[in-house]
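Okay, so here's the structure we're looking at.
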Amino acid sequence: NAGVTQTPKFQVLKTGQSMTLQCAQDMNHNSMYWYRQDPGMGLRLIYYSASEGTTDKGEVPNGYNVSRLNKREFSLRLESAAPSQTSVYFCASNEVGAYQPQHFGDGTRLSIL
Amino acid sequence: GENVEQHPSTLSVQEGDSAVIKCTYSDSASNYFPWYKQELGKGPQLIIDIRSNVGEKKDQRIAVTLNKTAKHFSLHITETQPEDSAVYFCAAIHKGGTSYGKLTFGQGTILTVHP
C-alpha cells in the first residue's frame, strides 16, 4: 500500500519556468491538500479539494493553481516560478468525516534559481 | 483565522529523560488537535491526537493534554529514545463551518535525544 505518492522528489527550476507537481493517493480518500513547508513556519495550506470536482484556496494560494484530475490525483501547478516559491511541497489526503487524520506524502523539494 | 504558536523551537534531552512541547491556539472554536512527527526526508506522520471533549490522552510513551480554557495543549514523551529524534508539529482544526478540513500547524520543534 503506497499511500500518498508525490513526483518528482527533487526539482530545480529557473525563474519564470512552469512546472506541475503530481500527487496520487490509493486510499480512496475524498479530500486532498497541498502544503508548503518553509523553515520556522511549519506547514501552510496552499489549496485543498474537499471532494472530487471541488477546489478551494488555503492560506497561501497566490502563484499556484490546482487540478483535481479524479478522485486519486491532485496536481499543483506553478505557472511562472519565483525564488520565493523555493520550498518543500507536501500533498496529503484524508477521508471526509469528523477527526479523520491527514496522510502525507514524502514531499517534493523545489529550488527556483 | 486560527493561529498556532509552538515552543520550544529546539529541544535537546538525554536518553531516558522526558520531553514536553507546548502549543497555544487562538480560535476557541478549534476542536481537534493532532500531533505529527516528521523524520528527515519524510512527510509528517500522525502520532497522537486529541478532541476538545477530552483533557488527556495516552499512547504508550506519548501523551497529550489539552486545556481549553487557556487554549493550550502539550505533547509529553517519556523515557525518550534516540529514535524519537525528529521534528514535531502540533496543529489545530475547526471541524465544521468554512474551516472544515483545514489544519493550522505550529512552527515545529526539533527534538534531539542524545544516547
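Within each chain, counting starts at residue 1; across the C-alpha cells, chains are named A, B, ... in the order shown, with ligands numbered 1 upward in that order.
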
Practice item. Give as a ChimeraX atom specification every residue of chain A that touches chain B within 8 Å, counting only C-alpha atoms. Key: /A:40-45,50,58,90,98-99,101-107

Residues just named, written with N, CA and C atoms as a tab-separated table (two decimals), in the first residue's frame:
```
chain	number	residue	atom	x	y	z
A	40	GLY	N	11.03	27.25	10.01
A	40	GLY	CA	10.48	28.09	11.06
A	40	GLY	C	9.03	28.50	10.89
A	41	MET	N	8.37	27.96	9.84
A	41	MET	CA	6.98	28.38	9.59
A	41	MET	C	6.01	27.23	9.55
A	42	GLY	N	6.45	26.05	9.87
A	42	GLY	CA	5.53	24.92	9.84
A	42	GLY	C	5.07	24.63	8.43
A	43	LEU	N	3.91	24.05	8.31
A	43	LEU	CA	3.29	23.77	7.01
A	43	LEU	C	2.13	24.72	6.81
A	44	ARG	N	2.07	25.29	5.62
A	44	ARG	CA	0.99	26.22	5.31
A	44	ARG	C	0.19	25.69	4.13
A	45	LEU	N	-1.13	25.77	4.25
A	45	LEU	CA	-2.02	25.22	3.24
A	45	LEU	C	-2.07	26.13	2.02
A	50	ALA	N	-11.95	19.35	-1.18
A	50	ALA	CA	-12.75	18.60	-0.21
A	50	ALA	C	-13.31	17.32	-0.83
A	58	GLY	N	-6.34	27.95	0.12
A	58	GLY	CA	-5.92	27.88	1.50
A	58	GLY	C	-5.33	29.20	1.95
A	90	PHE	N	4.24	19.43	0.16
A	90	PHE	CA	3.66	18.17	0.62
A	90	PHE	C	2.21	18.08	0.17
A	98	ALA	N	-15.60	13.61	10.67
A	98	ALA	CA	-15.01	14.24	11.84
A	98	ALA	C	-13.74	13.51	12.26
A	99	TYR	N	-12.70	14.27	12.48
A	99	TYR	CA	-11.47	13.77	13.09
A	99	TYR	C	-10.73	12.74	12.27
A	101	PRO	N	-7.64	11.66	10.26
A	101	PRO	CA	-6.27	12.18	10.14
A	101	PRO	C	-5.85	12.35	8.69
A	102	GLN	N	-4.98	13.31	8.46
A	102	GLN	CA	-4.42	13.51	7.13
A	102	GLN	C	-3.16	12.66	6.97
A	103	HIS	N	-3.04	12.03	5.81
A	103	HIS	CA	-1.88	11.21	5.48
A	103	HIS	C	-1.04	11.96	4.47
A	104	PHE	N	0.26	12.09	4.74
A	104	PHE	CA	1.14	12.90	3.91
A	104	PHE	C	2.04	12.06	3.03
A	105	GLY	N	2.37	12.61	1.86
A	105	GLY	CA	3.44	12.06	1.03
A	105	GLY	C	4.79	12.50	1.56
A	106	ASP	N	5.87	12.10	0.90
A	106	ASP	CA	7.22	12.41	1.36
A	106	ASP	C	7.78	13.71	0.78
A	107	GLY	N	6.99	14.43	0.02
A	107	GLY	CA	7.38	15.77	-0.38
A	107	GLY	C	8.11	15.87	-1.70
```

Exercise for review: Considering only C-alpha atoms, return as a list of chain:residue names whatever protein or nucleic-acid residues lie within 9 Å of Gly53 in chain A, sequence-local ones (same chain, fewer than 5 positions apart) excluded.
Suggested key: A:Ser67, A:Arg68, A:Leu69, A:Asn70, A:Lys71

Mind writing the picked residues with all heavy atoms as a short mmCIF file (atom, residue, chain, number, x, y, z; two decimals), in the first residue's frame?
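Here's the written file again-v9.cif:
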```cif
data_model
loop_
_atom_site.label_atom_id
_atom_site.label_comp_id
_atom_site.auth_asym_id
_atom_site.auth_seq_id
_atom_site.Cartn_x
_atom_site.Cartn_y
_atom_site.Cartn_z
N SER A 67 -5.42 21.24 -9.88
CA SER A 67 -6.42 20.48 -10.63
C SER A 67 -6.69 19.18 -9.90
O SER A 67 -5.74 18.44 -9.58
CB SER A 67 -5.90 20.17 -12.04
OG SER A 67 -5.73 21.34 -12.80
N ARG A 68 -7.96 18.92 -9.63
CA ARG A 68 -8.34 17.61 -9.08
C ARG A 68 -8.74 16.77 -10.28
O ARG A 68 -9.87 16.82 -10.76
CB ARG A 68 -9.48 17.75 -8.08
CG ARG A 68 -9.87 16.44 -7.42
CD ARG A 68 -8.85 16.01 -6.40
NE ARG A 68 -9.15 14.73 -5.80
CZ ARG A 68 -9.84 14.58 -4.67
NH1 ARG A 68 -10.32 15.64 -4.02
NH2 ARG A 68 -10.04 13.38 -4.18
N LEU A 69 -7.81 16.00 -10.78
CA LEU A 69 -7.97 15.27 -12.04
C LEU A 69 -9.01 14.18 -11.93
O LEU A 69 -9.77 13.91 -12.86
CB LEU A 69 -6.62 14.69 -12.45
CG LEU A 69 -5.48 15.73 -12.56
CD1 LEU A 69 -4.15 15.04 -12.78
CD2 LEU A 69 -5.78 16.72 -13.69
N ASN A 70 -9.05 13.51 -10.81
CA ASN A 70 -10.01 12.45 -10.50
C ASN A 70 -9.92 12.23 -8.99
O ASN A 70 -9.25 13.00 -8.28
CB ASN A 70 -9.69 11.17 -11.28
CG ASN A 70 -8.23 10.80 -11.19
OD1 ASN A 70 -7.69 10.66 -10.09
ND2 ASN A 70 -7.57 10.66 -12.34
N LYS A 71 -10.54 11.19 -8.48
CA LYS A 71 -10.54 11.01 -7.04
C LYS A 71 -9.13 10.74 -6.51
O LYS A 71 -8.78 11.12 -5.39
CB LYS A 71 -11.47 9.85 -6.65
CG LYS A 71 -11.72 9.76 -5.15
CD LYS A 71 -12.79 8.75 -4.83
CE LYS A 71 -13.09 8.76 -3.34
NZ LYS A 71 -14.15 7.78 -2.99
#
```

Point to revise | Contact residues around Lys14 in chain A with only C-alpha atoms at 6 Å, ignoring same-chain residues under 3 positions, as a list in words | key: Gln17, Ile112 and Leu113 of chain A

Now that the selection is made, can you save its residues with C-alpha atoms as a PDB file, in the first residue's frame?
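Full text of part.pdb as output:
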```pdb
ATOM      1  CA  GLN A  17       9.642  28.472 -15.797  1.00  0.00           C
ATOM      2  CA  ILE A 112      13.985  28.113  -8.010  1.00  0.00           C
ATOM      3  CA  LEU A 113      17.056  29.993  -9.131  1.00  0.00           C
TER       4      LEU A 113
END
```

Practice item. Please identify all polymer residues within 10 Å of Glu79 in chain B, counting only C-alpha atoms, omitting same-chain residues fewer than 6 positions from it, and present them as number ranges by chain. Key: B: 14-19, 61-62

Exercise for review: Once DSSP has gone over the backbone, tell me which residues of chain B are in strand (DSSP E), as an NGL selection string.
Suggested key: :B and (4-7 or 10-14 or 19-25 or 32-38 or 45-51 or 56-59 or 62-67 or 72-77 or 86-92 or 104-105 or 109-114)

Now that the selection is made, can you save its residues with C-alpha atoms as a short mmCIF file (atom, residue, chain, number, x, y, z; two decimals), in the first residue's frame?
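selection-v4.cif, written as the output of this step:
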```cif
data_model
loop_
_atom_site.label_atom_id
_atom_site.label_comp_id
_atom_site.auth_asym_id
_atom_site.auth_seq_id
_atom_site.Cartn_x
_atom_site.Cartn_y
_atom_site.Cartn_z
CA VAL B 4 -0.94 28.22 16.49
CA GLU B 5 2.24 29.03 18.41
CA GLN B 6 4.65 26.20 19.30
CA HIS B 7 7.52 26.19 21.81
CA THR B 10 14.57 23.16 19.58
CA LEU B 11 14.77 20.70 22.46
CA SER B 12 17.73 18.57 23.45
CA VAL B 13 17.42 15.78 26.04
CA GLN B 14 19.34 12.78 27.27
CA ALA B 19 10.36 15.86 26.70
CA VAL B 20 7.50 18.37 26.65
CA ILE B 21 6.39 20.52 23.73
CA LYS B 22 3.72 23.18 24.17
CA CYS B 23 1.30 24.85 21.77
CA THR B 24 -1.24 27.62 22.12
CA TYR B 25 -4.09 28.35 19.72
CA TYR B 32 -9.34 18.78 17.17
CA PHE B 33 -5.60 18.83 17.90
CA PRO B 34 -3.29 16.33 16.15
CA TRP B 35 0.45 15.95 16.66
CA TYR B 36 2.75 14.95 13.80
CA LYS B 37 6.29 13.58 13.77
CA GLN B 38 8.49 14.29 10.76
CA GLN B 45 3.13 11.27 10.31
CA LEU B 46 0.32 11.45 12.86
CA ILE B 47 1.43 10.15 16.26
CA ILE B 48 -1.45 11.15 18.54
CA ASP B 49 -4.47 13.41 18.54
CA ILE B 50 -6.99 14.78 21.00
CA ARG B 51 -10.50 16.11 20.71
CA GLU B 56 -5.77 13.93 28.25
CA LYS B 57 -4.90 11.00 26.02
CA LYS B 58 -2.07 8.48 26.31
CA ASP B 59 -0.49 6.02 23.91
CA ILE B 62 3.32 9.53 24.39
CA ALA B 63 0.61 11.66 25.97
CA VAL B 64 -1.21 14.83 25.02
CA THR B 65 -3.00 17.20 27.39
CA LEU B 66 -5.49 19.91 26.49
CA ASN B 67 -6.56 22.97 28.47
CA HIS B 72 -3.12 25.38 25.03
CA PHE B 73 -2.15 21.76 24.54
CA SER B 74 1.05 19.84 25.12
CA LEU B 75 2.87 16.73 23.95
CA HIS B 76 4.67 14.66 26.56
CA ILE B 77 7.19 11.96 25.63
CA ALA B 86 12.66 14.25 14.76
CA VAL B 87 10.69 17.41 14.11
CA TYR B 88 7.34 17.53 15.89
CA PHE B 89 4.40 19.65 14.78
CA CYS B 90 1.22 20.49 16.61
CA ALA B 91 -1.89 21.50 14.70
CA ALA B 92 -5.42 22.69 15.30
CA THR B 104 -3.23 25.12 11.01
CA PHE B 105 0.24 23.98 12.04
CA THR B 109 10.11 21.62 17.38
CA ILE B 110 13.37 19.88 16.56
CA LEU B 111 13.81 17.20 19.24
CA THR B 112 17.25 15.65 19.67
CA VAL B 113 17.69 12.70 22.03
CA HIS B 114 21.34 12.06 22.95
#
```

Point to revise | Between CA of Ile46 in chain A and CA of Lys71 in chain B - distance in Å to one decimal | key: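 Atom-to-atom, CA of Lys71 in chain B to CA of Ile46 in chain A, that is 25.6 Å.
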